[in-house]
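Undergrad: Quick one, run-v3.pdb (PDB, C-alpha atoms, pLDDT in the B column):
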```
ATOM      1  CA  MET A  26     -22.997 -17.278 -49.064  1.00 46.00           C
ATOM      2  CA  ALA A  27     -20.806 -17.682 -45.993  1.00 45.00           C
ATOM      3  CA  SER A  28     -22.069 -16.346 -42.700  1.00 46.00           C
ATOM      4  CA  ALA A  29     -19.896 -14.361 -40.339  1.00 52.00           C
ATOM      5  CA  ALA A  30     -18.345 -16.424 -37.580  1.00 51.00           C
ATOM      6  CA  SER A  31     -19.950 -15.803 -34.226  1.00 51.00           C
ATOM      7  CA  SER A  32     -17.892 -14.760 -31.249  1.00 60.00           C
ATOM      8  CA  PRO A  33     -18.323 -16.156 -27.735  1.00 60.00           C
ATOM      9  CA  THR A  34     -19.111 -12.587 -26.651  1.00 63.00           C
ATOM     10  CA  ASP A  35     -21.925 -12.004 -29.185  1.00 72.00           C
ATOM     11  CA  SER A  36     -24.455 -12.538 -26.402  1.00 89.00           C
ATOM     12  CA  LEU A  37     -22.624 -10.265 -23.950  1.00 92.00           C
ATOM     13  CA  HIS A  38     -24.965  -8.074 -21.923  1.00 94.00           C
ATOM     14  CA  VAL A  39     -23.728  -4.844 -20.295  1.00 96.00           C
ATOM     15  CA  ARG A  40     -25.771  -3.620 -17.325  1.00 96.00           C
ATOM     16  CA  GLY A  41     -25.377  -1.766 -14.065  1.00 95.00           C
ATOM     17  CA  LEU A  42     -23.188  -3.454 -11.451  1.00 96.00           C
ATOM     18  CA  SER A  43     -25.059  -4.139  -8.214  1.00 95.00           C
ATOM     19  CA  VAL A  44     -24.437  -5.372  -4.691  1.00 96.00           C
ATOM     20  CA  ALA A  45     -25.671  -8.793  -5.825  1.00 96.00           C
ATOM     21  CA  ASP A  46     -22.564  -8.929  -8.069  1.00 96.00           C
ATOM     22  CA  VAL A  47     -19.970  -8.492  -5.312  1.00 96.00           C
ATOM     23  CA  ALA A  48     -19.056 -12.207  -5.192  1.00 96.00           C
ATOM     24  CA  ALA A  49     -18.426 -12.148  -8.952  1.00 96.00           C
ATOM     25  CA  VAL A  50     -16.295  -8.997  -8.591  1.00 95.00           C
ATOM     26  CA  LEU A  51     -14.188 -10.692  -5.932  1.00 93.00           C
ATOM     27  CA  ARG A  52     -13.789 -13.790  -8.138  1.00 94.00           C
ATOM     28  CA  ILE A  53     -12.620 -11.680 -11.068  1.00 95.00           C
ATOM     29  CA  GLN A  54     -10.280  -9.657  -8.847  1.00 92.00           C
ATOM     30  CA  ALA A  55      -8.679 -12.870  -7.583  1.00 91.00           C
ATOM     31  CA  LEU A  56      -8.069 -13.968 -11.183  1.00 92.00           C
ATOM     32  CA  CYS A  57      -6.658 -10.607 -12.325  1.00 91.00           C
ATOM     33  CA  TYR A  58      -4.756  -9.009  -9.448  1.00 85.00           C
ATOM     34  CA  GLY A  59      -2.165  -9.930  -6.903  1.00 75.00           C
ATOM     35  CA  ALA A  60      -3.204  -9.905  -3.269  1.00 77.00           C
ATOM     36  CA  ASP A  61      -2.001  -6.305  -2.904  1.00 76.00           C
ATOM     37  CA  TYR A  62      -4.813  -4.979  -5.121  1.00 80.00           C
ATOM     38  CA  VAL A  63      -7.795  -7.089  -4.091  1.00 85.00           C
ATOM     39  CA  GLU A  64     -10.405  -4.981  -2.323  1.00 88.00           C
ATOM     40  CA  GLY A  65     -12.834  -6.666   0.032  1.00 88.00           C
ATOM     41  CA  ALA A  66     -16.544  -7.431  -0.105  1.00 93.00           C
ATOM     42  CA  ALA A  67     -17.431  -4.801   2.503  1.00 94.00           C
ATOM     43  CA  VAL A  68     -15.637  -2.061   0.539  1.00 92.00           C
ATOM     44  CA  PHE A  69     -17.321  -3.013  -2.739  1.00 91.00           C
ATOM     45  CA  THR A  70     -20.726  -3.343  -1.098  1.00 94.00           C
ATOM     46  CA  ARG A  71     -20.481   0.184   0.341  1.00 93.00           C
ATOM     47  CA  ARG A  72     -19.321   1.551  -3.017  1.00 92.00           C
ATOM     48  CA  LEU A  73     -22.204  -0.036  -4.903  1.00 93.00           C
ATOM     49  CA  GLN A  74     -24.692   1.296  -2.355  1.00 93.00           C
ATOM     50  CA  ALA A  75     -23.472   4.862  -2.907  1.00 90.00           C
ATOM     51  CA  PRO A  76     -25.934   6.930  -4.954  1.00 89.00           C
ATOM     52  CA  HIS A  77     -23.096   8.588  -6.914  1.00 91.00           C
ATOM     53  CA  GLN A  78     -21.600   5.348  -8.226  1.00 93.00           C
ATOM     54  CA  CYS A  79     -22.003   4.446 -11.893  1.00 93.00           C
ATOM     55  CA  SER A  80     -20.538   0.982 -12.182  1.00 96.00           C
ATOM     56  CA  TRP A  81     -21.061  -1.600 -14.915  1.00 96.00           C
ATOM     57  CA  ALA A  82     -21.090  -5.378 -15.312  1.00 97.00           C
ATOM     58  CA  ALA A  83     -20.568  -7.465 -18.420  1.00 97.00           C
ATOM     59  CA  GLU A  84     -22.605 -10.632 -18.255  1.00 96.00           C
ATOM     60  CA  LEU A  85     -22.265 -13.696 -20.442  1.00 94.00           C
ATOM     61  CA  GLY A  86     -24.567 -16.673 -20.045  1.00 91.00           C
ATOM     62  CA  GLY A  87     -25.953 -15.215 -16.825  1.00 92.00           C
ATOM     63  CA  GLN A  88     -22.504 -14.869 -15.243  1.00 95.00           C
ATOM     64  CA  VAL A  89     -20.613 -11.619 -14.603  1.00 97.00           C
ATOM     65  CA  VAL A  90     -17.341 -11.908 -16.541  1.00 97.00           C
ATOM     66  CA  ALA A  91     -16.095  -8.321 -16.227  1.00 97.00           C
ATOM     67  CA  TYR A  92     -16.853  -5.151 -14.325  1.00 97.00           C
ATOM     68  CA  LEU A  93     -16.069  -1.460 -14.213  1.00 97.00           C
ATOM     69  CA  ALA A  94     -16.381   0.223 -10.815  1.00 95.00           C
ATOM     70  CA  ALA A  95     -16.775   3.982 -11.273  1.00 96.00           C
ATOM     71  CA  TYR A  96     -18.313   7.076  -9.716  1.00 95.00           C
ATOM     72  CA  TRP A  97     -18.839  10.794 -10.318  1.00 95.00           C
ATOM     73  CA  SER A  98     -15.983  12.910  -8.994  1.00 94.00           C
ATOM     74  CA  HIS A  99     -13.772  15.993  -9.547  1.00 91.00           C
ATOM     75  CA  PRO A 100     -10.492  16.483 -11.442  1.00 91.00           C
ATOM     76  CA  GLY A 101      -7.482  15.443  -9.393  1.00 92.00           C
ATOM     77  CA  LYS A 102      -9.510  13.565  -6.748  1.00 93.00           C
ATOM     78  CA  ILE A 103      -7.963  10.118  -6.263  1.00 94.00           C
ATOM     79  CA  THR A 104      -9.690   7.325  -4.378  1.00 92.00           C
ATOM     80  CA  PRO A 105      -7.099   5.415  -2.332  1.00 92.00           C
ATOM     81  CA  LEU A 106      -6.878   1.658  -2.462  1.00 90.00           C
ATOM     82  CA  GLN A 107      -9.621   0.283  -0.161  1.00 88.00           C
ATOM     83  CA  GLY A 108     -11.123   3.808  -0.086  1.00 88.00           C
ATOM     84  CA  GLU A 109     -14.717   4.914  -0.309  1.00 88.00           C
ATOM     85  CA  PHE A 110     -16.405   6.488  -3.322  1.00 89.00           C
ATOM     86  CA  ASP A 111     -16.777   9.948  -1.773  1.00 85.00           C
ATOM     87  CA  ALA A 112     -19.722  11.981  -3.028  1.00 83.00           C
ATOM     88  CA  GLN A 113     -18.657  15.108  -4.889  1.00 82.00           C
ATOM     89  CA  PRO A 114     -21.179  17.915  -5.381  1.00 82.00           C
ATOM     90  CA  GLN A 115     -21.476  19.025  -9.002  1.00 88.00           C
ATOM     91  CA  ALA A 116     -19.117  16.289 -10.187  1.00 90.00           C
ATOM     92  CA  SER A 117     -17.388  16.910 -13.492  1.00 93.00           C
ATOM     93  CA  VAL A 118     -15.318  13.736 -13.867  1.00 95.00           C
ATOM     94  CA  LEU A 119     -16.119  10.079 -14.315  1.00 96.00           C
ATOM     95  CA  TYR A 120     -13.601   8.353 -12.031  1.00 96.00           C
ATOM     96  CA  LEU A 121     -12.829   4.830 -13.228  1.00 96.00           C
ATOM     97  CA  HIS A 122     -11.679   3.139 -10.057  1.00 94.00           C
ATOM     98  CA  ASP A 123     -11.337  -0.456 -11.194  1.00 93.00           C
ATOM     99  CA  MET A 124     -11.951  -2.470 -14.332  1.00 95.00           C
ATOM    100  CA  ALA A 125     -11.221  -6.168 -14.749  1.00 95.00           C
ATOM    101  CA  VAL A 126     -12.112  -8.859 -17.275  1.00 96.00           C
ATOM    102  CA  ASP A 127     -11.971 -12.586 -16.603  1.00 96.00           C
ATOM    103  CA  PRO A 128      -8.620 -13.561 -18.182  1.00 95.00           C
ATOM    104  CA  ALA A 129     -10.307 -16.406 -20.098  1.00 94.00           C
ATOM    105  CA  LEU A 130     -12.149 -13.719 -22.105  1.00 95.00           C
ATOM    106  CA  ALA A 131      -9.363 -11.144 -22.436  1.00 92.00           C
ATOM    107  CA  GLY A 132      -8.867  -9.508 -25.810  1.00 92.00           C
ATOM    108  CA  GLN A 133     -12.465  -9.905 -26.967  1.00 93.00           C
ATOM    109  CA  GLY A 134     -13.556  -6.281 -26.624  1.00 94.00           C
ATOM    110  CA  ILE A 135     -15.367  -6.641 -23.312  1.00 96.00           C
ATOM    111  CA  ALA A 136     -13.444  -3.821 -21.632  1.00 96.00           C
ATOM    112  CA  ALA A 137     -14.216  -1.555 -24.597  1.00 94.00           C
ATOM    113  CA  ARG A 138     -17.924  -2.288 -24.199  1.00 95.00           C
ATOM    114  CA  LEU A 139     -17.812  -1.398 -20.497  1.00 96.00           C
ATOM    115  CA  LEU A 140     -15.914   1.817 -21.232  1.00 95.00           C
ATOM    116  CA  ALA A 141     -18.369   2.755 -23.989  1.00 94.00           C
ATOM    117  CA  ALA A 142     -21.320   2.306 -21.608  1.00 95.00           C
ATOM    118  CA  ALA A 143     -19.651   4.480 -18.970  1.00 94.00           C
ATOM    119  CA  GLN A 144     -18.674   7.156 -21.480  1.00 92.00           C
ATOM    120  CA  SER A 145     -22.187   7.227 -22.912  1.00 93.00           C
ATOM    121  CA  GLN A 146     -23.622   7.754 -19.435  1.00 93.00           C
ATOM    122  CA  ALA A 147     -21.061  10.485 -18.732  1.00 94.00           C
ATOM    123  CA  ARG A 148     -21.840  12.327 -21.960  1.00 91.00           C
ATOM    124  CA  ALA A 149     -25.560  12.144 -21.160  1.00 92.00           C
ATOM    125  CA  ARG A 150     -24.753  13.974 -17.899  1.00 91.00           C
ATOM    126  CA  GLY A 151     -22.597  16.541 -19.690  1.00 91.00           C
ATOM    127  CA  VAL A 152     -19.373  15.146 -18.198  1.00 94.00           C
ATOM    128  CA  GLN A 153     -16.479  15.432 -20.650  1.00 91.00           C
ATOM    129  CA  ARG A 154     -13.612  14.041 -18.602  1.00 94.00           C
ATOM    130  CA  ALA A 155     -12.568  10.734 -17.080  1.00 96.00           C
ATOM    131  CA  ALA A 156      -9.781   9.903 -14.644  1.00 96.00           C
ATOM    132  CA  LEU A 157      -8.189   6.805 -13.160  1.00 97.00           C
ATOM    133  CA  VAL A 158      -5.117   5.347 -11.504  1.00 96.00           C
ATOM    134  CA  ALA A 159      -3.209   2.920 -13.726  1.00 95.00           C
ATOM    135  CA  VAL A 160      -1.513   0.091 -11.826  1.00 92.00           C
ATOM    136  CA  GLN A 161       0.403  -3.083 -12.606  1.00 88.00           C
ATOM    137  CA  GLY A 162       1.819  -1.703 -15.850  1.00 89.00           C
ATOM    138  CA  ALA A 163      -1.575  -0.766 -17.319  1.00 92.00           C
ATOM    139  CA  ALA A 164      -0.589   2.826 -18.254  1.00 95.00           C
ATOM    140  CA  SER A 165       0.122   1.889 -21.885  1.00 95.00           C
ATOM    141  CA  TYR A 166      -3.322   0.262 -22.168  1.00 94.00           C
ATOM    142  CA  TRP A 167      -4.962   3.473 -20.960  1.00 95.00           C
ATOM    143  CA  GLN A 168      -2.745   5.670 -23.144  1.00 96.00           C
ATOM    144  CA  ARG A 169      -3.962   3.752 -26.204  1.00 94.00           C
ATOM    145  CA  ARG A 170      -7.468   4.748 -25.118  1.00 92.00           C
ATOM    146  CA  GLY A 171      -6.636   8.440 -24.934  1.00 93.00           C
ATOM    147  CA  PHE A 172      -5.661   8.856 -21.282  1.00 96.00           C
ATOM    148  CA  VAL A 173      -2.637  10.998 -20.450  1.00 96.00           C
ATOM    149  CA  PRO A 174      -0.598  11.112 -17.240  1.00 96.00           C
ATOM    150  CA  SER A 175      -1.403  13.933 -14.844  1.00 95.00           C
ATOM    151  CA  GLN A 176       0.163  14.949 -11.554  1.00 91.00           C
ATOM    152  CA  PRO A 177      -1.821  14.869  -8.301  1.00 91.00           C
ATOM    153  CA  ARG A 178      -2.572  18.393  -7.164  1.00 84.00           C
ATOM    154  CA  ASP A 179      -1.869  18.207  -3.429  1.00 91.00           C
ATOM    155  CA  THR A 180      -0.224  16.105  -0.730  1.00 95.00           C
ATOM    156  CA  VAL A 181      -3.459  14.286   0.191  1.00 94.00           C
ATOM    157  CA  GLN A 182      -4.003  13.152  -3.387  1.00 94.00           C
ATOM    158  CA  LYS A 183      -0.315  12.193  -3.707  1.00 94.00           C
ATOM    159  CA  ALA A 184      -0.717  10.011  -0.613  1.00 95.00           C
ATOM    160  CA  HIS A 185      -3.844   8.416  -2.107  1.00 95.00           C
ATOM    161  CA  LEU A 186      -1.911   7.655  -5.309  1.00 95.00           C
ATOM    162  CA  ALA A 187       0.960   6.179  -3.261  1.00 94.00           C
ATOM    163  CA  SER A 188      -1.491   3.655  -1.732  1.00 93.00           C
ATOM    164  CA  TYR A 189      -1.303   1.815  -5.092  1.00 92.00           C
ATOM    165  CA  GLY A 190       2.487   1.415  -5.082  1.00 90.00           C
ATOM    166  CA  ASP A 191       5.438   3.042  -6.780  1.00 90.00           C
ATOM    167  CA  ASP A 192       4.379   2.334 -10.377  1.00 91.00           C
ATOM    168  CA  ALA A 193       0.875   3.839 -10.000  1.00 94.00           C
ATOM    169  CA  LEU A 194       0.070   6.669 -12.396  1.00 96.00           C
ATOM    170  CA  TYR A 195      -2.850   9.115 -12.244  1.00 96.00           C
ATOM    171  CA  MET A 196      -4.285   9.653 -15.733  1.00 96.00           C
ATOM    172  CA  GLU A 197      -7.019  11.786 -17.294  1.00 96.00           C
ATOM    173  CA  GLN A 198      -8.935  11.798 -20.557  1.00 95.00           C
ATOM    174  CA  HIS A 199     -10.881  14.695 -22.066  1.00 91.00           C
ATOM    175  CA  TRP A 200     -13.681  14.176 -24.580  1.00 80.00           C
ATOM    176  CA  ALA A 201     -14.718  16.648 -27.193  1.00 71.00           C
ATOM    177  CA  PRO A 202     -18.139  18.146 -26.540  1.00 64.00           C
ATOM    178  CA  PRO A 203     -20.903  16.371 -28.496  1.00 60.00           C
ATOM    179  CA  GLN A 204     -21.662  17.822 -31.916  1.00 58.00           C
ATOM    180  CA  VAL A 205     -25.041  19.525 -32.080  1.00 56.00           C
TER
END
```
Could I get this structure in the form of C-alpha cells?

TA:
Amino acid sequence: MASAASSPTDSLHVRGLSVADVAAVLRIQALCYGADYVEGAAVFTRRLQAPHQCSWAAELGGQVVAYLAAYWSHPGKITPLQGEFDAQPQASVLYLHDMAVDPALAGQGIAARLLAAAQSQARARGVQRAALVAVQGAASYWQRRGFVPSQPRDTVQKAHLASYGDDALYMEQHWAPPQV
C-alpha cells in the first residue's frame, strides 16, 4: 500500500505572533513587498505590544515563514500604512492589516492556515466580519476568499486608504453566524 506523499509544510505550526518575531516579519516583508510597503521594526513592535492585536505566525523548522498581522476593529476603520493598531471599544471586525508568506513556500496553503486561525479566534469572540486593504494587485486573491470591495465611509478613512497608493482597495467579508 502506497503512503501519501508528505509536504514540506506538514510540520507547520501556527501560533501567536510576538515581538520576538519582528526580525522575521521584516525579513518576509523584504522578500514580498517593494520598499513602499515595508513597515519598520518600531511600528511592528508597537502593534504586537497592543492588547487588542490578534496576529499569527506560521513556523516551520523553528523559523517564522509567514505572518498575519491583525487586530480587533470596527467596520470602515482603515489603518494607514505605518499606522498604529488603534484600540476600538466593543470591536466587531477582525482587521487583517498585513499577511505575507515567504515566496519560497508560496502556494502551499500557509496563508489559508493563518486565515483559518484568525477566523476561528474571531468566531470564538462572536465577530462575524473581517476587513482589509488589498494592495499590489491582491484584490482578486481576497475576492476568491469571499471578500468584497467596500467604500470608505468618510474623508479620514479615504485618506488612510490613499496611503497605500492608487490601486489600494478596502474590502470586507461577512461570515454566517455559527450553527447551533

Undergrad: Would you list the residues near (-16.3, -8.7, 0.2) (no more than 9 Å away, in the coordinates of the file, using all atoms listed in the file) as JSON, numbers by chain?

TA: {"A": [47, 48, 50, 51, 64, 65, 66, 67, 68, 69, 70]}

Undergrad: Between CA of Gly134 in chain A and CA of Ala201 in chain A, what is the distance, to one decimal in Å?

TA: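 Between CA of Gly134 in chain A and CA of Ala201 in chain A the gap is 23.0 Å.
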
Undergrad: Kindly indicate which residue among A:Met124, A:Ile103, A:Ala143, A:Leu85 lies nearest to Lys183 in chain A, using only C-alpha atoms for the distances.

TA: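 For Lys183 in chain A, the nearest of the given residues is A:Ile103.
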
Undergrad: Have a look at CA of Val39 in chain A and CA of Asp111 in chain A and let me know their distance in Å, one decimal.

TA: 24.7 Å

Undergrad: Calculate how many Å separate CA of Leu139 in chain A from CA of Asp61 in chain A, rounding to one decimal.

TA: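 The value is 24.2 Å.
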
Undergrad: Have a look at A:Leu37, A:Ala142, A:Leu73, A:Val90 and name the one nearest to Ala49 in chain A; count all atoms listed in the file.

TA: A:Val90

Undergrad: Would you translate the PyMOL selection byres ((chain A and resi 170) around 12) into the concrete set of residues it matches in this file, as a list in words?

TA: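 Here the PyMOL selection byres ((chain A and resi 170) around 12) matches Ala136, Ala137, Leu140, Ala141, Ala155, Ala156, Ala163, Ala164, Ser165, Tyr166, Trp167, Gln168, Arg169, Gly171, Phe172, Val173, Met196, Glu197, Gln198, His199 and Trp200 of chain A.
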
Undergrad: Could you tell me which of A:Ser188, A:Arg150, A:Tyr62, A:Ala94 comes closest to Ala82 in chain A if we count only C-alpha atoms?

TA: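 Among the listed residues, A:Ala94 lies closest to Ala82 in chain A.
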
Undergrad: Please evaluate the PyMOL selection byres ((chain A and resi 128) around 10) against the displayed coordinates and give the resulting residues as number ranges by chain.

TA: A: 53, 56-57, 90-91, 125-127, 129-132

Undergrad: Show which residues sit within 9 Å of Thr104 in chain A, as a PyMOL selection string. Count all atoms listed in the file, and ignore same-chain residues fewer than 6 positions away.

TA: chain A and resi 110-111+120+122+157-158+182+185-186

Undergrad: Calculated over all atoms listed in the file, which of the candidates A:Pro174, A:Pro105, A:Asp179, A:Arg52 has the smallest distance to Tyr195 in chain A?

TA: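 Closest candidate: A:Pro174.
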
Undergrad: Find the residue from A:Gly108, A:Asp35, A:Ala116, A:Ala45 that sits nearest to His77 in chain A; use all atoms listed in the file when measuring.

TA: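 Among A:Gly108, A:Asp35, A:Ala116, A:Ala45, it is A:Ala116 that comes nearest to His77 in chain A.
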
Undergrad: Evaluate the PyMOL selection byres ((chain A and resi 98) around 8) and record the selected residues as number ranges by chain, following the chain and residue labels used in the document.

TA: A: 96-97, 99-100, 102, 111-113, 116-120

Undergrad: Looking at A:Ser145, A:Gln115, A:Ser80, A:Gln176, which one is nearest to Arg40 in chain A, with distances taken over all atoms listed in the file?

TA: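 For Arg40 in chain A, the nearest of the candidates is A:Ser80.
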
Undergrad: Any chance you could model N, CA and C atoms for range 84-117 of chain A and send them as an mmCIF file, keeping the file's coordinate frame?

TA:
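Saved as result.cif:
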```cif
data_model
loop_
_atom_site.group_PDB
_atom_site.id
_atom_site.type_symbol
_atom_site.label_atom_id
_atom_site.label_comp_id
_atom_site.auth_asym_id
_atom_site.auth_seq_id
_atom_site.Cartn_x
_atom_site.Cartn_y
_atom_site.Cartn_z
ATOM 1 N N GLU A 84 -22.044 -9.330 -18.603
ATOM 2 C CA GLU A 84 -22.605 -10.632 -18.255
ATOM 3 C C GLU A 84 -22.655 -11.502 -19.497
ATOM 4 N N LEU A 85 -22.248 -12.732 -19.347
ATOM 5 C CA LEU A 85 -22.265 -13.696 -20.442
ATOM 6 C C LEU A 85 -22.858 -14.995 -19.902
ATOM 7 N N GLY A 86 -23.927 -15.453 -20.510
ATOM 8 C CA GLY A 86 -24.567 -16.673 -20.045
ATOM 9 C C GLY A 86 -25.030 -16.585 -18.605
ATOM 10 N N GLY A 87 -25.459 -15.393 -18.181
ATOM 11 C CA GLY A 87 -25.953 -15.215 -16.825
ATOM 12 C C GLY A 87 -24.867 -15.039 -15.777
ATOM 13 N N GLN A 88 -23.602 -15.006 -16.192
ATOM 14 C CA GLN A 88 -22.504 -14.869 -15.243
ATOM 15 C C GLN A 88 -21.731 -13.577 -15.527
ATOM 16 N N VAL A 89 -21.418 -12.824 -14.460
ATOM 17 C CA VAL A 89 -20.613 -11.619 -14.603
ATOM 18 C C VAL A 89 -19.184 -12.052 -14.943
ATOM 19 N N VAL A 90 -18.685 -11.546 -16.073
ATOM 20 C CA VAL A 90 -17.341 -11.908 -16.541
ATOM 21 C C VAL A 90 -16.383 -10.718 -16.539
ATOM 22 N N ALA A 91 -16.911 -9.528 -16.289
ATOM 23 C CA ALA A 91 -16.095 -8.321 -16.227
ATOM 24 C C ALA A 91 -16.887 -7.242 -15.516
ATOM 25 N N TYR A 92 -16.169 -6.262 -14.994
ATOM 26 C CA TYR A 92 -16.853 -5.151 -14.325
ATOM 27 C C TYR A 92 -16.020 -3.886 -14.455
ATOM 28 N N LEU A 93 -16.694 -2.779 -14.280
ATOM 29 C CA LEU A 93 -16.069 -1.460 -14.213
ATOM 30 C C LEU A 93 -16.700 -0.741 -13.030
ATOM 31 N N ALA A 94 -15.912 -0.508 -11.991
ATOM 32 C CA ALA A 94 -16.381 0.223 -10.815
ATOM 33 C C ALA A 94 -16.010 1.688 -10.989
ATOM 34 N N ALA A 95 -17.010 2.571 -11.002
ATOM 35 C CA ALA A 95 -16.775 3.982 -11.273
ATOM 36 C C ALA A 95 -17.738 4.843 -10.461
ATOM 37 N N TYR A 96 -17.416 6.132 -10.379
ATOM 38 C CA TYR A 96 -18.313 7.076 -9.716
ATOM 39 C C TYR A 96 -18.030 8.484 -10.218
ATOM 40 N N TRP A 97 -18.941 9.393 -9.908
ATOM 41 C CA TRP A 97 -18.839 10.794 -10.318
ATOM 42 C C TRP A 97 -17.958 11.531 -9.330
ATOM 43 N N SER A 98 -16.985 12.284 -9.850
ATOM 44 C CA SER A 98 -15.983 12.910 -8.994
ATOM 45 C C SER A 98 -15.556 14.276 -9.542
ATOM 46 N N HIS A 99 -14.362 14.715 -9.127
ATOM 47 C CA HIS A 99 -13.772 15.993 -9.547
ATOM 48 C C HIS A 99 -12.366 15.743 -10.084
ATOM 49 N N PRO A 100 -11.863 16.630 -10.935
ATOM 50 C CA PRO A 100 -10.492 16.483 -11.442
ATOM 51 C C PRO A 100 -9.488 16.447 -10.288
ATOM 52 N N GLY A 101 -8.545 15.538 -10.380
ATOM 53 C CA GLY A 101 -7.482 15.443 -9.393
ATOM 54 C C GLY A 101 -7.827 14.688 -8.132
ATOM 55 N N LYS A 102 -9.080 14.307 -7.947
ATOM 56 C CA LYS A 102 -9.510 13.565 -6.748
ATOM 57 C C LYS A 102 -9.222 12.084 -6.969
ATOM 58 N N ILE A 103 -8.378 11.516 -6.129
ATOM 59 C CA ILE A 103 -7.963 10.118 -6.263
ATOM 60 C C ILE A 103 -8.525 9.314 -5.099
ATOM 61 N N THR A 104 -9.197 8.229 -5.417
ATOM 62 C CA THR A 104 -9.690 7.325 -4.378
ATOM 63 C C THR A 104 -8.553 6.379 -4.000
ATOM 64 N N PRO A 105 -8.172 6.328 -2.719
ATOM 65 C CA PRO A 105 -7.099 5.415 -2.332
ATOM 66 C C PRO A 105 -7.548 3.955 -2.411
ATOM 67 N N LEU A 106 -6.588 3.082 -2.498
ATOM 68 C CA LEU A 106 -6.878 1.658 -2.462
ATOM 69 C C LEU A 106 -7.649 1.370 -1.178
ATOM 70 N N GLN A 107 -8.713 0.614 -1.272
ATOM 71 C CA GLN A 107 -9.621 0.283 -0.161
ATOM 72 C C GLN A 107 -10.449 1.489 0.277
ATOM 73 N N GLY A 108 -10.408 2.596 -0.466
ATOM 74 C CA GLY A 108 -11.123 3.808 -0.086
ATOM 75 C C GLY A 108 -12.570 3.808 -0.536
ATOM 76 N N GLU A 109 -13.299 4.759 0.008
ATOM 77 C CA GLU A 109 -14.717 4.914 -0.309
ATOM 78 C C GLU A 109 -14.892 5.759 -1.571
ATOM 79 N N PHE A 110 -16.026 5.627 -2.207
ATOM 80 C CA PHE A 110 -16.405 6.488 -3.322
ATOM 81 C C PHE A 110 -17.065 7.721 -2.710
ATOM 82 N N ASP A 111 -16.274 8.737 -2.414
ATOM 83 C CA ASP A 111 -16.777 9.948 -1.773
ATOM 84 C C ASP A 111 -17.660 10.743 -2.723
ATOM 85 N N ALA A 112 -18.809 11.154 -2.232
ATOM 86 C CA ALA A 112 -19.722 11.981 -3.028
ATOM 87 C C ALA A 112 -19.088 13.337 -3.278
ATOM 88 N N GLN A 113 -19.200 13.812 -4.500
ATOM 89 C CA GLN A 113 -18.657 15.108 -4.889
ATOM 90 C C GLN A 113 -19.789 15.948 -5.471
ATOM 91 N N PRO A 114 -20.117 17.070 -4.825
ATOM 92 C CA PRO A 114 -21.179 17.915 -5.381
ATOM 93 C C PRO A 114 -20.761 18.458 -6.741
ATOM 94 N N GLN A 115 -21.700 18.521 -7.648
ATOM 95 C CA GLN A 115 -21.476 19.025 -9.002
ATOM 96 C C GLN A 115 -20.263 18.372 -9.659
ATOM 97 N N ALA A 116 -20.230 17.054 -9.623
ATOM 98 C CA ALA A 116 -19.117 16.289 -10.187
ATOM 99 C C ALA A 116 -18.949 16.576 -11.673
ATOM 100 N N SER A 117 -17.690 16.627 -12.090
ATOM 101 C CA SER A 117 -17.388 16.910 -13.492
ATOM 102 C C SER A 117 -16.462 15.870 -14.123
#
```
